[in-house]
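A.B. asks: Following this message is one structure expressed as structure tokens.
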Amino acid sequence: MKTFIQHLTEASKTTENGFPIEQGIMAGNLNDDSVVERLNAFVGAIADREYLVPEHAVEELRQKLHRVGIDFGDVQFTGESGEVSVPLTMFGGVYGKDTDSKPEEIVNETESGRTLNFTFEKVAGSHKVYAQIV
């Protein structure tokens, strides 16, 4: 006999912790081009709204990408329009040993090899922010 929690988990397609179950892919894997394509559809959705302060769009996107283990540094918008690129980090980066390092070496990689490109412009008192992972 199933418990009430098991019924809720099956009905909502979530784990016991409430996190959504993604079928077949690891949503934070920036090394997979199909994952990046799916993430770009999600990341590009911030352009659907206008923001009074463009940094609010960045913080909203940061919170959503944190859910899949992706982080990026500070983003500073200056001027009426422009572009800003920041490197992306997967799962906090890599620290420790790998199979190719010497015994006395420690691997400390913080960047994933992908960047998040922001394009912003001021439009009639508000801001439009566009983003894409490349």
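Chain labels A, B, ... are given in the sequence in which chains occur in the structure tokens; within each chain residues are numbered consecutively from 1, and ligands are likewise numbered from 1 in the order shown.
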Kindly provide the residues of stretch 45-116 of chain A that approach stretch 127-131 of chain A to within 9 Å, each paired with its closest atom pair and their distance in Å to one decimal, based on only C-alpha atoms, listed by chain and increasing number, as a Markdown table.

C.D. replies:
| residue | atom | partner | partner_atom | distance |
| --- | --- | --- | --- | --- |
| A:Ala45 | CA | A:Tyr130 | CA | 8.2 |
| A:Ile46 | CA | A:Tyr130 | CA | 6.5 |
| A:Ala47 | CA | A:Tyr130 | CA | 5.0 |
| A:Asp48 | CA | A:Lys128 | CA | 8.4 |
| A:Arg49 | CA | A:Lys128 | CA | 7.1 |
| A:Glu50 | CA | A:Lys128 | CA | 5.1 |
| A:Tyr51 | CA | A:His127 | CA | 5.1 |
| A:Leu52 | CA | A:His127 | CA | 6.0 |
| A:Val53 | CA | A:His127 | CA | 6.8 |
| A:Pro54 | CA | A:His127 | CA | 5.9 |
| A:Ala57 | CA | A:Val129 | CA | 7.0 |
| A:Val58 | CA | A:Val129 | CA | 8.4 |
| A:Glu80 | CA | A:His127 | CA | 8.9 |
| A:Ser81 | CA | A:His127 | CA | 9.0 |
| A:Leu116 | CA | A:Ala131 | CA | 6.8 |

A.B. asks: With N, CA and C atoms retained, could you export that selection as a PDB file, in the first residue's frame?

C.D. replies:
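Now in again.pdb:
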ATOM      1  N   ALA A  45      14.240  33.243 -21.896  1.00  0.00           N
ATOM      2  CA  ALA A  45      12.909  33.683 -21.461  1.00  0.00           C
ATOM      3  C   ALA A  45      12.948  34.965 -20.632  1.00  0.00           C
ATOM      4  N   ILE A  46      14.128  35.376 -20.136  1.00  0.00           N
ATOM      5  CA  ILE A  46      14.158  36.632 -19.375  1.00  0.00           C
ATOM      6  C   ILE A  46      13.912  37.826 -20.281  1.00  0.00           C
ATOM      7  N   ALA A  47      14.056  37.648 -21.588  1.00  0.00           N
ATOM      8  CA  ALA A  47      13.816  38.745 -22.533  1.00  0.00           C
ATOM      9  C   ALA A  47      12.327  39.015 -22.734  1.00  0.00           C
ATOM     10  N   ASP A  48      11.470  38.144 -22.216  1.00  0.00           N
ATOM     11  CA  ASP A  48      10.026  38.326 -22.374  1.00  0.00           C
ATOM     12  C   ASP A  48       9.483  39.459 -21.518  1.00  0.00           C
ATOM     13  N   ARG A  49      10.259  39.891 -20.536  1.00  0.00           N
ATOM     14  CA  ARG A  49       9.798  40.940 -19.617  1.00  0.00           C
ATOM     15  C   ARG A  49      10.710  42.155 -19.706  1.00  0.00           C
ATOM     16  N   GLU A  50      10.190  43.269 -19.228  1.00  0.00           N
ATOM     17  CA  GLU A  50      10.995  44.479 -19.095  1.00  0.00           C
ATOM     18  C   GLU A  50      11.236  44.714 -17.607  1.00  0.00           C
ATOM     19  N   TYR A  51      12.387  45.254 -17.276  1.00  0.00           N
ATOM     20  CA  TYR A  51      12.790  45.439 -15.886  1.00  0.00           C
ATOM     21  C   TYR A  51      13.123  46.901 -15.638  1.00  0.00           C
ATOM     22  N   LEU A  52      12.706  47.420 -14.491  1.00  0.00           N
ATOM     23  CA  LEU A  52      13.079  48.777 -14.118  1.00  0.00           C
ATOM     24  C   LEU A  52      14.560  48.852 -13.794  1.00  0.00           C
ATOM     25  N   VAL A  53      15.077  47.810 -13.179  1.00  0.00           N
ATOM     26  CA  VAL A  53      16.499  47.709 -12.857  1.00  0.00           C
ATOM     27  C   VAL A  53      17.025  46.439 -13.527  1.00  0.00           C
ATOM     28  N   PRO A  54      17.973  46.548 -14.459  1.00  0.00           N
ATOM     29  CA  PRO A  54      18.406  45.368 -15.206  1.00  0.00           C
ATOM     30  C   PRO A  54      19.050  44.295 -14.335  1.00  0.00           C
ATOM     31  N   ALA A  57      16.864  41.238 -13.414  1.00  0.00           N
ATOM     32  CA  ALA A  57      16.805  40.140 -14.379  1.00  0.00           C
ATOM     33  C   ALA A  57      17.952  39.164 -14.147  1.00  0.00           C
ATOM     34  N   VAL A  58      19.130  39.727 -13.853  1.00  0.00           N
ATOM     35  CA  VAL A  58      20.303  38.887 -13.608  1.00  0.00           C
ATOM     36  C   VAL A  58      20.108  38.044 -12.352  1.00  0.00           C
ATOM     37  N   GLU A  80      23.624  53.062 -21.467  1.00  0.00           N
ATOM     38  CA  GLU A  80      22.256  52.856 -21.946  1.00  0.00           C
ATOM     39  C   GLU A  80      22.060  51.476 -22.564  1.00  0.00           C
ATOM     40  N   SER A  81      23.105  50.941 -23.163  1.00  0.00           N
ATOM     41  CA  SER A  81      23.022  49.616 -23.772  1.00  0.00           C
ATOM     42  C   SER A  81      24.427  49.039 -23.855  1.00  0.00           C
ATOM     43  N   LEU A 116      28.130  33.088 -20.268  1.00  0.00           N
ATOM     44  CA  LEU A 116      26.774  33.612 -20.333  1.00  0.00           C
ATOM     45  C   LEU A 116      26.880  35.030 -20.855  1.00  0.00           C
TER      46      LEU A 116
END

A.B. asks: Just list as JSON, numbers by chain whatever in stretch 40-108 of chain A DSSP marks as alpha helix (DSSP H).

C.D. replies: {"A": [40, 41, 42, 43, 54, 55, 56, 57, 58, 59, 60, 61, 62, 63, 64, 65, 66]}

A.B. asks: Could you please determine the separation between atom CA of A:Asp32 and atom CA of A:Asp100 in Å, to one decimal place?

C.D. replies: 21.9 Å

A.B. asks: Pick the closest to A:His66 from A:Ala41, A:Met90, A:Val134, A:Val84: which is it, counting only C-alpha atoms?

C.D. replies: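 Ranked by minimum distance to A:His66, first place goes to A:Met90.
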
A.B. asks: Tell me, which residues of stretch 30-85 of chain A carry DSSP strand (DSSP E or B), written as a PyMOL selection string?

C.D. replies: chain A and resi 50-51+70-72+81-85

A.B. asks: Set the distance at 12 Å and use only C-alpha atoms: which residues neighbour A:Asn29 once local chain neighbours fewer than 6 positions away are removed? I'd like the list as a list of chain:residue names.

C.D. replies: A:Val35, A:Val36, A:Glu37, A:Arg38, A:Leu39, A:Leu65, A:Val68, A:Gly69, A:Ile70, A:Leu88, A:Thr89, A:Met90, A:Phe91, A:Ser112, A:Gly113, A:Arg114

A.B. asks: Could you please determine the separation between atom CA of A:Leu61 and atom CA of A:Val43 in Å, to one decimal place?

C.D. replies: 7.0 Å

A.B. asks: Would you work out the distance separating atom CA of A:Ile133 from atom CA of A:His56, expressed in Å to one decimal?

C.D. replies: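 Atom CA of A:His56 lies 18.5 Å from atom CA of A:Ile133.
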